[in-house]
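K.L.:
Structure file model_6.cif, mmCIF, C-alpha atoms and all ligand atoms, is pasted below:
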data_input
loop_
_atom_site.label_atom_id
_atom_site.label_comp_id
_atom_site.auth_asym_id
_atom_site.auth_seq_id
_atom_site.Cartn_x
_atom_site.Cartn_y
_atom_site.Cartn_z
CA MET A 1 11.92 12.68 -15.70
CA HIS A 2 11.68 9.98 -18.39
CA ARG A 3 12.85 6.73 -16.89
CA PRO A 4 10.42 3.83 -16.48
CA MET A 5 9.24 3.65 -12.91
CA LEU A 6 7.29 0.74 -11.45
CA LEU A 7 4.13 1.78 -9.66
CA ALA A 8 2.35 -0.41 -7.10
CA LEU A 9 -0.78 -0.18 -5.01
CA ALA A 10 0.09 -0.65 -1.33
CA PRO A 11 -1.78 -3.45 0.43
CA MET A 12 -4.30 -2.03 2.89
CA LYS A 13 -6.45 -4.20 5.13
CA ASP A 14 -10.17 -3.99 4.36
CA VAL A 15 -9.82 -1.51 1.50
CA THR A 16 -7.55 -2.75 -1.30
CA ASP A 17 -9.90 -5.61 -2.07
CA LEU A 18 -11.35 -6.90 -5.32
CA ALA A 19 -13.90 -4.04 -5.34
CA PHE A 20 -11.10 -1.48 -5.33
CA LEU A 21 -9.12 -3.35 -8.02
CA ASN A 22 -12.23 -3.40 -10.19
CA THR A 23 -12.72 0.32 -9.59
CA LEU A 24 -9.15 1.13 -10.65
CA LYS A 25 -9.77 -0.85 -13.80
CA ASP A 26 -13.05 1.00 -14.43
CA LEU A 27 -11.20 4.30 -14.07
CA ASN A 28 -8.37 3.14 -16.33
CA SER A 29 -5.76 3.90 -13.69
CA LEU A 30 -3.73 0.77 -13.00
CA PRO A 31 -0.46 0.32 -11.15
CA ASP A 32 2.08 -2.17 -12.53
CA TYR A 33 1.44 -4.68 -9.76
CA PHE A 34 -0.65 -5.34 -6.68
CA ILE A 35 -0.15 -6.98 -3.30
CA THR A 36 -3.17 -8.32 -1.45
CA GLU A 37 -4.00 -7.19 2.07
CA TYR A 38 -2.39 -9.71 4.40
CA PHE A 39 -3.52 -13.27 4.99
CA ARG A 40 -2.83 -14.25 8.57
CA THR A 41 -0.72 -17.40 8.88
CA VAL A 42 -1.77 -19.44 11.90
CA ALA A 43 -0.55 -22.83 12.99
CA HIS A 44 -3.85 -24.63 13.41
CA HIS A 45 -5.25 -24.35 9.88
CA LYS A 46 -4.26 -23.51 6.37
CA LYS A 47 -7.58 -22.14 5.20
CA MET A 48 -7.03 -18.73 3.63
CA SER A 49 -9.57 -15.90 3.79
CA PRO A 50 -11.97 -16.57 0.88
CA TYR A 51 -12.71 -12.85 0.68
CA ILE A 52 -9.07 -11.89 0.10
CA LEU A 53 -8.52 -14.86 -2.22
CA ARG A 54 -11.10 -13.37 -4.55
CA SER A 55 -8.73 -10.53 -5.44
CA ILE A 56 -6.27 -13.16 -6.71
CA ASP A 57 -8.72 -15.60 -8.30
CA GLU A 58 -10.81 -12.89 -9.96
CA ASN A 59 -8.10 -10.27 -10.51
CA PRO A 60 -9.65 -8.26 -13.34
CA THR A 61 -6.68 -6.01 -14.09
CA GLY A 62 -4.33 -8.13 -16.18
CA ARG A 63 -1.54 -6.95 -13.84
CA PRO A 64 0.32 -9.32 -11.49
CA ILE A 65 -0.90 -9.70 -7.94
CA TYR A 66 1.16 -11.08 -5.02
CA GLY A 67 -0.46 -12.66 -1.99
CA GLN A 68 0.82 -11.24 1.28
CA LEU A 69 1.41 -13.30 4.42
CA VAL A 70 1.79 -12.12 7.98
CA GLY A 71 3.05 -14.69 10.47
CA HIS A 72 6.17 -15.78 12.27
CA GLU A 73 6.44 -19.57 12.22
CA PRO A 74 8.62 -20.57 9.26
CA GLU A 75 6.97 -23.93 8.59
CA TYR A 76 3.46 -22.44 8.47
CA LEU A 77 4.54 -19.48 6.38
CA ALA A 78 6.04 -21.97 3.91
CA ARG A 79 2.85 -24.04 4.00
CA ASP A 80 0.62 -21.03 3.29
CA ALA A 81 2.94 -19.73 0.58
CA GLN A 82 2.50 -23.04 -1.22
CA VAL A 83 -1.27 -22.81 -0.85
CA LEU A 84 -1.21 -19.29 -2.31
CA MET A 85 0.89 -20.42 -5.26
CA GLU A 86 -1.89 -22.84 -6.19
CA HIS A 87 -3.92 -19.72 -6.98
CA ALA A 88 -3.23 -17.30 -9.81
CA CYS A 89 -0.77 -15.13 -7.94
CA ALA A 90 2.56 -13.95 -9.27
CA GLY A 91 4.23 -14.67 -5.96
CA VAL A 92 4.14 -14.27 -2.22
CA ASP A 93 5.04 -11.19 -0.19
CA LEU A 94 6.17 -11.35 3.44
CA ASN A 95 4.78 -8.59 5.65
CA MET A 96 7.54 -7.31 7.95
CA GLY A 97 5.96 -3.99 8.82
CA CYS A 98 2.47 -4.29 10.28
CA PRO A 99 2.48 -2.26 13.53
CA ALA A 100 -0.78 -3.66 14.98
CA PRO A 101 -0.03 -4.72 18.58
CA ILE A 102 -1.87 -8.02 18.16
CA VAL A 103 0.40 -8.88 15.21
CA CYS A 104 3.67 -7.56 16.70
CA ARG A 105 3.10 -9.31 20.00
CA ARG A 106 3.40 -12.62 18.14
CA ASN A 107 6.65 -11.44 16.53
CA ALA A 108 4.92 -11.24 13.16
CA GLY A 109 4.66 -8.19 10.84
CA GLY A 110 6.73 -5.33 12.25
CA GLY A 111 7.36 -7.43 15.38
CA MET A 112 9.63 -9.69 13.33
CA LEU A 113 12.11 -6.82 12.97
CA ARG A 114 13.02 -7.21 16.65
CA SER A 115 14.64 -10.60 16.09
CA LEU A 116 17.17 -11.08 13.29
CA LYS A 117 17.08 -14.81 14.00
CA ALA A 118 13.32 -15.11 13.58
CA MET A 119 13.48 -12.98 10.46
CA ASP A 120 16.26 -15.12 9.02
CA ALA A 121 14.27 -18.32 9.59
CA ALA A 122 11.05 -16.94 8.08
CA LEU A 123 12.79 -15.51 5.02
CA GLY A 124 14.73 -18.73 4.48
CA ALA A 125 11.62 -20.90 4.70
CA LEU A 126 9.80 -18.80 2.13
CA ARG A 127 12.74 -18.58 -0.24
CA ASP A 128 13.06 -22.38 -0.14
CA VAL A 129 9.51 -22.99 -1.35
CA LEU A 130 9.04 -20.11 -3.78
CA PRO A 131 10.33 -20.24 -7.34
CA PRO A 132 12.64 -17.55 -8.75
CA GLY A 133 10.77 -14.29 -9.28
CA ALA A 134 8.01 -15.16 -6.83
CA PHE A 135 9.30 -13.97 -3.45
CA THR A 136 8.96 -10.36 -2.34
CA VAL A 137 9.30 -8.58 0.99
CA LYS A 138 7.62 -5.48 2.41
CA CYS A 139 9.39 -4.12 5.46
CA ARG A 140 9.88 -1.11 7.68
CA LEU A 141 13.28 0.26 8.71
CA GLY A 142 13.23 -1.14 12.20
CA TYR A 143 11.13 -1.46 15.30
CA GLU A 144 12.41 1.43 17.41
CA THR A 145 14.92 3.40 15.32
CA PRO A 146 15.78 3.66 11.59
CA ASP A 147 19.42 2.68 12.10
CA GLU A 148 18.28 -0.87 12.95
CA PHE A 149 18.00 -1.20 9.18
CA GLU A 150 21.77 -1.46 8.94
CA ARG A 151 21.50 -4.91 10.54
CA ILE A 152 18.14 -5.90 9.06
CA LEU A 153 18.90 -5.33 5.38
CA PRO A 154 21.86 -7.79 5.19
CA VAL A 155 19.60 -10.53 6.60
CA ILE A 156 16.99 -9.78 3.95
CA ALA A 157 19.66 -9.62 1.23
CA SER A 158 21.08 -13.01 2.24
CA HIS A 159 17.83 -14.68 1.11
CA SER A 160 17.83 -13.06 -2.34
CA PRO A 161 14.26 -11.81 -2.47
CA ASP A 162 13.02 -10.83 -5.92
CA ARG A 163 11.85 -7.37 -4.84
CA VAL A 164 11.90 -5.42 -1.60
CA CYS A 165 9.46 -2.66 -0.79
CA ILE A 166 10.49 -0.40 2.06
CA HIS A 167 7.96 1.60 4.04
CA ALA A 168 10.54 4.10 5.19
CA ARG A 169 9.51 4.42 8.81
CA THR A 170 9.98 2.38 11.96
CA VAL A 171 7.14 0.46 13.58
CA ARG A 172 7.12 3.03 16.41
CA GLU A 173 6.67 5.83 13.89
CA GLY A 174 3.33 4.44 12.74
CA TYR A 175 1.89 6.25 9.73
CA ARG A 176 2.23 9.95 10.45
CA SER A 177 5.91 10.78 10.86
CA PRO A 178 8.23 12.08 8.13
CA VAL A 179 9.81 9.24 6.11
CA HIS A 180 13.56 8.46 5.84
CA PRO A 181 14.53 8.27 2.13
CA GLU A 182 18.24 7.97 2.97
CA TRP A 183 17.76 4.34 4.01
CA VAL A 184 15.91 3.47 0.82
CA LYS A 185 18.73 5.03 -1.19
CA TRP A 186 21.18 2.90 0.79
CA ALA A 187 19.14 -0.25 0.15
CA ALA A 188 18.82 0.53 -3.58
CA GLY A 189 22.61 0.61 -3.73
CA MET A 190 23.07 -2.55 -1.63
CA LEU A 191 20.48 -4.97 -3.02
CA LYS A 192 20.67 -6.81 -6.32
CA CYS A 193 16.88 -6.86 -6.67
CA PRO A 194 14.59 -3.87 -7.38
CA VAL A 195 13.82 -1.68 -4.39
CA VAL A 196 10.44 0.02 -4.14
CA ALA A 197 9.95 3.11 -1.97
CA ASN A 198 6.82 3.54 0.11
CA GLY A 199 5.49 6.22 2.44
CA ASN A 200 3.93 9.64 2.00
CA ILE A 201 3.64 9.67 -1.79
CA VAL A 202 0.55 11.80 -2.29
CA ASP A 203 1.03 13.46 -5.69
CA ALA A 204 3.50 14.01 -8.54
CA ALA A 205 5.75 16.30 -6.50
CA THR A 206 6.21 13.83 -3.65
CA ALA A 207 6.71 10.95 -6.14
CA GLU A 208 9.39 12.95 -7.93
CA ALA A 209 11.02 13.85 -4.61
CA TRP A 210 11.28 10.13 -3.75
CA VAL A 211 12.90 9.41 -7.12
CA ARG A 212 15.36 12.28 -6.71
CA LEU A 213 16.26 11.38 -3.13
CA ALA A 214 16.45 7.59 -3.23
CA ARG A 215 16.61 6.43 -6.89
CA PRO A 216 14.27 3.48 -6.29
CA ALA A 217 13.12 1.13 -9.06
CA GLY A 218 9.52 1.76 -8.09
CA LEU A 219 7.05 3.60 -5.92
CA MET A 220 4.26 2.09 -3.84
CA ILE A 221 1.23 4.21 -3.01
CA GLY A 222 -1.41 3.52 -0.38
CA ARG A 223 -3.63 6.11 1.23
CA ALA A 224 -3.29 8.66 -1.55
CA ALA A 225 -4.66 6.10 -4.04
CA LEU A 226 -7.85 5.80 -2.03
CA ARG A 227 -8.21 9.57 -2.04
CA ASN A 228 -7.31 9.96 -5.71
CA PRO A 229 -7.45 6.64 -7.62
CA TRP A 230 -6.21 8.39 -10.78
CA ILE A 231 -2.81 8.84 -9.17
CA PHE A 232 -1.45 5.83 -11.10
CA SER A 233 -2.45 7.12 -14.54
CA GLN A 234 -1.31 10.61 -13.53
CA LEU A 235 2.12 9.37 -12.45
CA HIS A 236 2.52 7.09 -15.46
CA SER A 237 1.87 10.16 -17.68
CA ARG A 238 4.20 12.31 -15.64
CA PHE A 239 7.05 9.81 -15.82
CA GLN A 240 6.58 9.62 -19.59
CA GLY A 241 6.88 13.38 -19.76
CA HIS A 242 3.19 14.13 -20.41
CA PRO A 243 1.05 16.48 -18.33
CA ALA A 244 -1.59 14.82 -16.15
CA ALA A 245 -5.25 15.78 -16.60
CA ASP A 246 -6.84 17.99 -13.92
CA LEU A 247 -9.66 16.50 -11.88
CA THR A 248 -13.00 17.97 -10.80
CA PHE A 249 -15.54 17.08 -8.13
CA ARG A 250 -17.58 15.42 -10.87
CA ASN A 251 -14.71 12.98 -11.48
CA VAL A 252 -14.77 12.19 -7.77
CA LEU A 253 -18.51 11.54 -7.97
CA HIS A 254 -17.87 9.13 -10.85
CA TYR A 255 -15.26 7.33 -8.72
CA ILE A 256 -17.72 7.02 -5.83
CA ARG A 257 -20.43 5.65 -8.10
CA ARG A 258 -18.10 3.02 -9.55
CA LEU A 259 -16.82 2.03 -6.10
CA TYR A 260 -20.38 1.91 -4.84
CA GLU A 261 -21.33 -0.61 -7.54
CA ARG A 262 -18.17 -2.63 -7.11
CA THR A 263 -18.51 -2.92 -3.33
CA ARG A 264 -22.15 -3.88 -3.72
CA GLU A 265 -21.18 -6.71 -6.09
CA MET A 266 -18.92 -8.14 -3.37
CA GLN A 267 -21.81 -8.73 -0.98
CA GLU A 268 -23.42 -12.11 -1.40
CA HIS A 269 -26.40 -11.14 0.75
CA TYR A 270 -26.98 -7.44 0.39
CA VAL A 271 -27.25 -5.49 3.63
CA GLU A 272 -27.63 -1.76 2.98
CA GLU A 273 -26.14 -0.63 6.27
CA LYS A 274 -23.09 -2.84 5.83
CA HIS A 275 -22.60 -1.50 2.32
CA ILE A 276 -22.69 2.14 3.46
CA HIS A 277 -20.33 1.34 6.31
CA ARG A 278 -17.87 -0.17 3.85
CA MET A 279 -18.04 2.86 1.56
CA LYS A 280 -17.16 5.13 4.47
CA LYS A 281 -13.90 3.24 4.99
CA TYR A 282 -12.72 4.39 1.56
CA LEU A 283 -14.27 7.82 1.55
CA VAL A 284 -12.61 9.15 4.70
CA TYR A 285 -9.54 9.41 2.46
CA THR A 286 -11.37 11.01 -0.47
CA ALA A 287 -12.92 13.57 1.89
CA ARG A 288 -9.49 15.19 2.43
CA GLY A 289 -9.59 18.19 0.13
CA LEU A 290 -13.38 18.22 -0.29
CA PRO A 291 -15.60 20.69 1.60
CA ASP A 292 -15.94 19.81 5.31
CA THR A 293 -19.67 19.29 4.77
CA PHE A 294 -18.85 16.18 2.73
CA ASP A 295 -17.10 14.45 5.62
CA HIS A 296 -19.69 15.63 8.12
CA TYR A 297 -22.78 14.41 6.25
CA MET A 298 -21.18 11.35 4.64
CA LYS A 299 -20.22 9.96 8.06
CA ARG A 300 -23.79 10.36 9.28
CA ALA A 301 -25.55 8.80 6.27
CA LYS A 302 -27.50 5.67 7.21
CA THR A 303 -29.24 4.71 3.98
CA ALA A 304 -27.96 4.27 0.45
CA ARG A 305 -30.34 7.00 -0.71
CA ASP A 306 -29.00 9.53 1.82
CA PHE A 307 -25.46 8.56 1.06
CA MET A 308 -25.77 9.09 -2.71
CA ARG A 309 -27.80 12.28 -2.27
CA ILE A 310 -25.01 13.80 -0.13
CA CYS A 311 -22.39 12.82 -2.70
CA GLU A 312 -24.45 14.27 -5.55
CA ASP A 313 -25.33 17.51 -3.75
CA ILE A 314 -21.71 18.28 -3.01
CA LEU A 315 -19.88 16.76 -5.96
CA ASP A 316 -22.01 17.12 -9.06
CA ASN A 317 -20.17 20.21 -10.32
CA ASP A 318 -16.93 21.30 -11.98
CA ALA A 319 -15.07 22.60 -8.92
CA PRO A 320 -11.39 21.53 -9.11
CA PHE A 321 -10.33 18.54 -7.00
CA ALA A 322 -6.90 19.43 -5.62
CA PRO A 323 -4.23 16.86 -6.60
CA THR A 324 -2.58 17.27 -3.18
CA PRO A 325 -4.42 16.54 0.08
CA PRO A 326 -4.28 19.02 2.96
CA GLU A 327 -1.29 18.14 5.11
CA ASP A 328 -2.50 18.70 8.64
CA THR A 329 -4.97 15.82 8.85
CA HIS A 330 -4.63 12.56 10.75
CA LEU A 331 -4.51 10.68 7.42
CA PHE A 332 -1.93 12.69 5.50
CA ALA A 333 0.93 14.27 7.43
CA HIS A 334 4.52 15.43 6.98
CA PHE A 335 4.76 14.70 3.28
CA HIS A 336 6.16 18.18 2.64
CA THR A 337 9.40 17.27 4.42
CA LEU A 338 10.18 15.14 1.33
CA LEU A 339 10.00 18.24 -0.86
CA ALA A 340 12.18 20.28 1.45
CA GLN A 341 14.96 17.67 1.55
CA GLU A 342 17.89 18.45 -0.78
CA GLU A 343 19.72 15.19 -0.36
CA ALA A 344 19.21 11.84 1.36
CA CYS A 345 22.19 11.62 3.74
CA LEU A 346 22.82 8.64 5.99
CA PRO A 347 24.06 9.14 9.54
CA PRO A 348 27.89 9.31 9.65
CA GLY A 349 29.75 6.00 9.86
CA ILE A 350 27.47 3.93 7.61
CA GLN A 351 29.15 2.40 4.58
CA VAL A 352 27.53 3.06 1.23
C1 LIG A 401 -5.79 1.09 6.62
C2 LIG A 401 -4.43 0.54 6.31
C3 LIG A 401 -4.28 -0.83 6.16
C4 LIG A 401 -3.01 -1.37 5.86
N1 LIG A 401 -2.88 -2.73 5.67
C5 LIG A 401 -1.68 -3.24 5.30
C6 LIG A 401 -1.52 -4.62 4.96
O1 LIG A 401 -2.48 -5.43 5.00
N2 LIG A 401 -0.27 -5.05 4.60
C7 LIG A 401 0.81 -4.19 4.53
O2 LIG A 401 1.92 -4.62 4.18
N3 LIG A 401 0.68 -2.88 4.81
C8 LIG A 401 -0.53 -2.39 5.17
N4 LIG A 401 -0.66 -1.04 5.39
C9 LIG A 401 0.50 -0.15 5.16
C10 LIG A 401 0.50 0.36 3.69
O3 LIG A 401 0.68 -0.70 2.78
C11 LIG A 401 1.61 1.41 3.46
O4 LIG A 401 2.84 0.80 3.76
C12 LIG A 401 1.46 2.65 4.33
O5 LIG A 401 0.13 3.11 4.33
C13 LIG A 401 2.38 3.79 3.86
O6 LIG A 401 2.09 4.13 2.51
P1 LIG A 401 1.23 5.45 2.12
O7 LIG A 401 1.87 6.63 2.80
O8 LIG A 401 1.31 5.52 0.62
O9 LIG A 401 -0.16 5.22 2.62
C14 LIG A 401 -1.89 -0.50 5.72
C15 LIG A 401 -2.07 0.88 5.87
C16 LIG A 401 -3.31 1.41 6.16
C17 LIG A 401 -3.46 2.91 6.29
#
Would you mind writing the structure in this file as structure tokens?
Ligand SMILES: Cc1cc2nc3c(=O)[nH]c(=O)nc-3n(C[C@H](O)[C@H](O)[C@H](O)COP(=O)(O)O)c2cc1C
P.N.:
Amino acid sequence: MHRPMLLALAPMKDVTDLAFLNTLKDLNSLPDYFITEYFRTVAHHKKMSPYILRSIDENPTGRPIYGQLVGHEPEYLARDAQVLMEHACAGVDLNMGCPAPIVCRRNAGGGMLRSLKAMDAALGALRDVLPPGAFTVKCRLGYETPDEFERILPVIASHSPDRVCIHARTVREGYRSPVHPEWVKWAAGMLKCPVVANGNIVDAATAEAWVRLARPAGLMIGRAALRNPWIFSQLHSRFQGHPAADLTFRNVLHYIRRLYERTREMQEHYVEEKHIHRMKKYLVYTARGLPDTFDHYMKRAKTARDFMRICEDILDNDAPFAPTPPEDTHLFAHFHTLLAQEEACLPPGIQV
């Protein structure tokens, strides 16, 4: 496979922050663009989270970053988009996929997919205030069932977004179901802008399966990048026809040390317990494919000294770090269905 393929880091609340961007840079494994975790748009104020703004203002990667908004009121989304554009972001992304009940209840995030009218108004308001090239959308296929996408996509298309990333599940399907590449293939054929596929990319084989099944312009990777941050350099090599380097536990230890330093830098007033707690949020992903003792002891570490000692005891050696996570965990599930699929076929009756 030798065609250029855009790679993106998926936005993930509380983990894809400036510390993680810095770590990817340290490890020389950068995607082509980033989207921040979401800023919540609320009516009563336009102050944006200073913590999230740091990943825009101090973006160390040299790669574009888009600020993501979650909200439902068009006028306030437009207001916050304009505030974001005063910072060094490449554009603004509208979150139409977050399944958190508190977000959906307000008809924001994935909840917006239940009302074509609300979606139309929000998309229109953002398109009106954002310059060409600066408006992107990240959506799911629907709220209840994937075929809702047949009605949702034309509404999105009518506002000419500059890129659409599709997390190929419904809101109801959460994060653990198989994905539906047939709808991404359909969107890639329908939209004038680039379409980016998202969901269950965990390694080169699943990335290649997505390309084969849906022909997207790009791939967005979330959880697997926390487990294996080298996935971007590995996939870039793979798409250029070069073999990707194998990884060992010692590489993982290096990653943890870099992340440890980078998360510590983010704390204005250092609190050891808080720092360890933060590290655990990333490392639950990395633990998949490491000996069970890692997860067990890492979760119980209370001090920085204990935490690093556990990492060093288990990881300071040349054991191979599997490129693919085990499938039967609550964090990585059903990605093999992508490999088994021969073709991405839409349900009968849908026009391609
Ligand atoms: C912990 C966590 C936080 C997330 N936060 C966001 C977010 O702020 N904005 C967003 O659009 N998606 C968010 N997502 C969804 C991811 O961007 C992505 O769509 C999803 O994880 C599927 O991709 P993956 O299989 O590569 O992980 C989050 C997912 C997780 C697991």
K.L.:
Find the residues near ligand LIG 401 (chain A). Use a cut-off of 6 Å, count all atoms listed in the file, and write them as a list in words.
P.N.:
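Every residue with an atom at most 6 Å from ligand LIG 401 (chain A) is listed here: Ala10, Pro11, Met12, Lys13, Glu37, Tyr38, Asn95, Cys98, His167, Asn198, Gly199, Asn200, Ile201, Ile221, Gly222, Arg223 and Ala224 of chain A.
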K.L.:
Enclose the full set of atoms of stretch 60-65 of chain A listed in the file within a box whose edges lie along x, y and z, apply 4 Å of padding to each of the six sides, and report centre and edge lengths in Å to one decimal as JSON.
P.N.:
{"center_x": -4.7, "center_y": -7.9, "center_z": -12.1, "size_x": 18.0, "size_y": 11.7, "size_z": 16.2}
K.L.:
Using atom CA of A:Gly174 and atom CA of A:His236 as the two end points, give the distance in Å to one decimal.
P.N.:
28.3 Å
K.L.:
Could you name the residues that touch stretch 68-71 of chain A at 6 Å or less, counting only C-alpha atoms, but leaving out those on the same chain fewer than 3 positions away, as a PyMOL selection string?
P.N.:
chain A and resi 36+38-41+92-95+108-109
K.L.:
Pull C-alpha atoms from the residues just selected and write them as a PDB file, in the coordinates of the input.
P.N.:
ATOM      1  CA  THR A  36      -3.170  -8.320  -1.450  1.00  0.00           C
ATOM      2  CA  TYR A  38      -2.390  -9.710   4.400  1.00  0.00           C
ATOM      3  CA  PHE A  39      -3.520 -13.270   4.990  1.00  0.00           C
ATOM      4  CA  ARG A  40      -2.830 -14.250   8.570  1.00  0.00           C
ATOM      5  CA  THR A  41      -0.720 -17.400   8.880  1.00  0.00           C
ATOM      6  CA  VAL A  92       4.140 -14.270  -2.220  1.00  0.00           C
ATOM      7  CA  ASP A  93       5.040 -11.190  -0.190  1.00  0.00           C
ATOM      8  CA  LEU A  94       6.170 -11.350   3.440  1.00  0.00           C
ATOM      9  CA  ASN A  95       4.780  -8.590   5.650  1.00  0.00           C
ATOM     10  CA  ALA A 108       4.920 -11.240  13.160  1.00  0.00           C
ATOM     11  CA  GLY A 109       4.660  -8.190  10.840  1.00  0.00           C
TER      12      GLY A 109
END
K.L.:
Could you check the closest approach to A:Asp147 for each of A:Glu182, A:Asp162, A:Glu343, A:Asp120 and tell me which residue wins, using only C-alpha atoms?
P.N.:
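Ranked by minimum distance to A:Asp147, first place goes to A:Glu182.
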K.L.:
Please tell me which residues are no farther than 9 Å from (-14.2, 21.8, -5.8) in the file, counting all atoms listed in the file, and write them as a list in words.
P.N.:
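Residues with an atom close enough to that point: Thr248, Phe249, Arg250, Gly289, Leu290, Pro291, Ile314, Leu315, Asn317, Asp318, Ala319, Pro320, Phe321 and Ala322 of chain A.
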K.L.:
Which polymer residues have any atom within 7 Å of an atom of stretch 298-303 of chain A, counting all atoms listed in the file, with same-chain residues fewer than 5 positions away left out, as number ranges by chain?
P.N.:
A: 272-273, 280, 310
K.L.:
I'd like to know which of A:Thr293, A:Arg262, A:Arg169, A:Leu126 is closest to A:Arg278, using only C-alpha atoms.
P.N.:
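The answer is A:Arg262, which sits nearest to A:Arg278.
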K.L.:
At a cut-off of 12 Å from (-2.5, 14.5, -17.9) in the coordinates of the file, what residues are picked up using all atoms listed in the file, written as a ChimeraX atom specification?
P.N.:
/A:29,204,230-247,323
K.L.:
What does the structure give for the distance between atom CA of A:Met220 and atom CA of A:Pro194, in Å to one decimal?
P.N.:
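Calculated distance between atom CA of A:Met220 and atom CA of A:Pro194 is 12.4 Å.
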K.L.:
From the list A:His277, A:Asn228, A:Ala121, A:Leu77, which residue is nearest A:Tyr255 when using only C-alpha atoms?
P.N.:
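Among the listed residues, A:Asn228 lies closest to A:Tyr255.
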K.L.:
Which residue out of A:Trp183, A:Ser55, A:His254, A:Gln341 has the minimum interatomic distance to A:Met308 when all atoms listed in the file are used?
P.N.:
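Smallest separation from A:Met308 among the options: A:His254.
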K.L.:
Could you jot down the atom CA of A:Cys193 to atom CA of A:Tyr175 separation for me, Å, one decimal place?
P.N.:
25.8 Å
K.L.:
Under the rule that only C-alpha atoms are counted, which of A:Thr337, A:Thr136, A:Asn107, A:Thr61 is the nearest residue to A:Ala90?
P.N.:
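Checking each candidate against A:Ala90, we get A:Thr136 as the closest.
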K.L.:
So which one's closest to A:Val83, A:Leu346, A:Met190, A:Leu53, A:Val196? Using all atoms listed in the file, please.
P.N.:
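The answer is A:Leu53, which sits nearest to A:Val83.
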K.L.:
Using all atoms listed in the file, which residues sit within 12 Å of A:Pro161 once same-chain residues fewer than 2 positions away are excluded, as a PyMOL selection string?
P.N.:
chain A and resi 91-94+123-128+130-138+153-159+163-165+191-195
